[in-house]
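Below: the structure, in structure tokens.
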Amino acid sequence: MGKFIKAGRVVVLLQGRQAGKKAVVVKVFDDGSKVRPFPHALCAGIQRAPLKVHKRMSKKKVAKRTRVKPFLKYVNYNHFMPTRYQVPSELAVQTFATDQQMDTPDGRIEAKRFVKKVLQEKFAAPPADKSGRPSKDVLYLRKKLRF
């Protein structure tokens with residue numbers, strides 16, 4: 001069977017503080033690592049999704065409602081569920097965070113800021129798919145999971 005959990009795959013986390021939140025796989029560790037001897041992935045997700053905006057809202061209110069609170073986390077394969085969605089390659093998911101950044105608290109903060117900036121840009125103007133419409137994958141990632 002082929003490997004389908006690759007960088008860019010949208011997943012739903014099932015366990016822990018971020019349970020029920022959507023995330024994107026940044027880097028996979030199929031064979032584990034020395035620190036984590038089990039298959040896992042580095043995921044960048046959305047802790048607080050943006051809210052709906054209307055045409056008549058002020059720019060200040062729109063800016064506040066479109067804010068995103070991201071998170072970065074190493075997650076065991078057993079603790080997330082892959083979806084059929086895969087974010088477009090132009091998001092350059094592999095650049096979201098590195099292992100060196102994840103080792104230090106300052107590096108994590110820096111990586112989170114970068115993820116926040118990229119996601120807010122892409123949510124405001126989603127990249128187009130082949131037919132010219134906004135990418136369904138990015139729109140799915142933006143919406144809060146209803147359950």
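Identifiers in this document derive from the order of the structure tokens: chains are assigned A, B, ..., residues are numbered from 1 separately in each chain, and ligands are numbered from 1 in order of occurrence.
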
Neighbour list for segment 134-143 of chain A as a PyMOL selection string, cut-off 12 Å, only C-alpha atoms, skip fewer than 5 positions in-chain: chain A and resi 8-12+20-24+44-52+66-70+83-91+118-129

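Residue neighbourhood of Ala41 of chain A, excluding near-sequence residues (fewer than 6 positions): Lys27, Val28, Phe29, Tyr74 and Val75 of chain A, at 6 Å, using only C-alpha atoms.
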
Measure the distance from atom CA of Lys112 of chain A to atom CA of Cys43 of chain A in Å and round it to one decimal. 11.3 Å

Using 9 Å as the limit and counting only C-alpha atoms, can you tabulate each residue of segment 8-91 of chain A that touches segment 98-109 of chain A, with its shortest atom-to-atom distance in Å and the two atoms involved, as JSON lines?
{"residue": "A:Val26", "atom": "CA", "partner": "A:Thr98", "partner_atom": "CA", "distance": 8.9}
{"residue": "A:Lys27", "atom": "CA", "partner": "A:Thr98", "partner_atom": "CA", "distance": 8.6}
{"residue": "A:Leu42", "atom": "CA", "partner": "A:Asp99", "partner_atom": "CA", "distance": 8.8}
{"residue": "A:Leu72", "atom": "CA", "partner": "A:Arg108", "partner_atom": "CA", "distance": 7.6}
{"residue": "A:Lys73", "atom": "CA", "partner": "A:Met102", "partner_atom": "CA", "distance": 8.6}

Keeping N, CA, C and O atoms for every residue in the selection just given, could you write it to a file as an mmCIF file, in the first residue's frame?
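See part-v7.cif below for the written result:
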data_model
loop_
_atom_site.group_PDB
_atom_site.id
_atom_site.type_symbol
_atom_site.label_atom_id
_atom_site.label_comp_id
_atom_site.auth_asym_id
_atom_site.auth_seq_id
_atom_site.Cartn_x
_atom_site.Cartn_y
_atom_site.Cartn_z
ATOM 1 N N VAL A 26 3.268 18.924 7.929
ATOM 2 C CA VAL A 26 4.431 19.671 7.458
ATOM 3 C C VAL A 26 5.558 18.710 7.086
ATOM 4 O O VAL A 26 6.182 18.846 6.044
ATOM 5 N N LYS A 27 5.802 17.724 7.963
ATOM 6 C CA LYS A 27 6.885 16.765 7.734
ATOM 7 C C LYS A 27 6.492 15.433 8.354
ATOM 8 O O LYS A 27 5.897 15.404 9.429
ATOM 9 N N LEU A 42 4.971 16.155 11.949
ATOM 10 C CA LEU A 42 4.932 17.527 12.438
ATOM 11 C C LEU A 42 3.756 18.191 11.740
ATOM 12 O O LEU A 42 3.677 18.206 10.513
ATOM 13 N N LEU A 72 1.707 24.394 16.351
ATOM 14 C CA LEU A 72 2.657 23.445 15.751
ATOM 15 C C LEU A 72 2.842 22.307 16.734
ATOM 16 O O LEU A 72 3.014 22.549 17.930
ATOM 17 N N LYS A 73 2.790 21.088 16.232
ATOM 18 C CA LYS A 73 2.824 19.966 17.153
ATOM 19 C C LYS A 73 3.281 18.697 16.450
ATOM 20 O O LYS A 73 2.942 18.472 15.286
#

Just how far from atom CA of Leu14 of chain A is atom CA of Met81 of chain A, in Å to one decimal? 7.0 Å
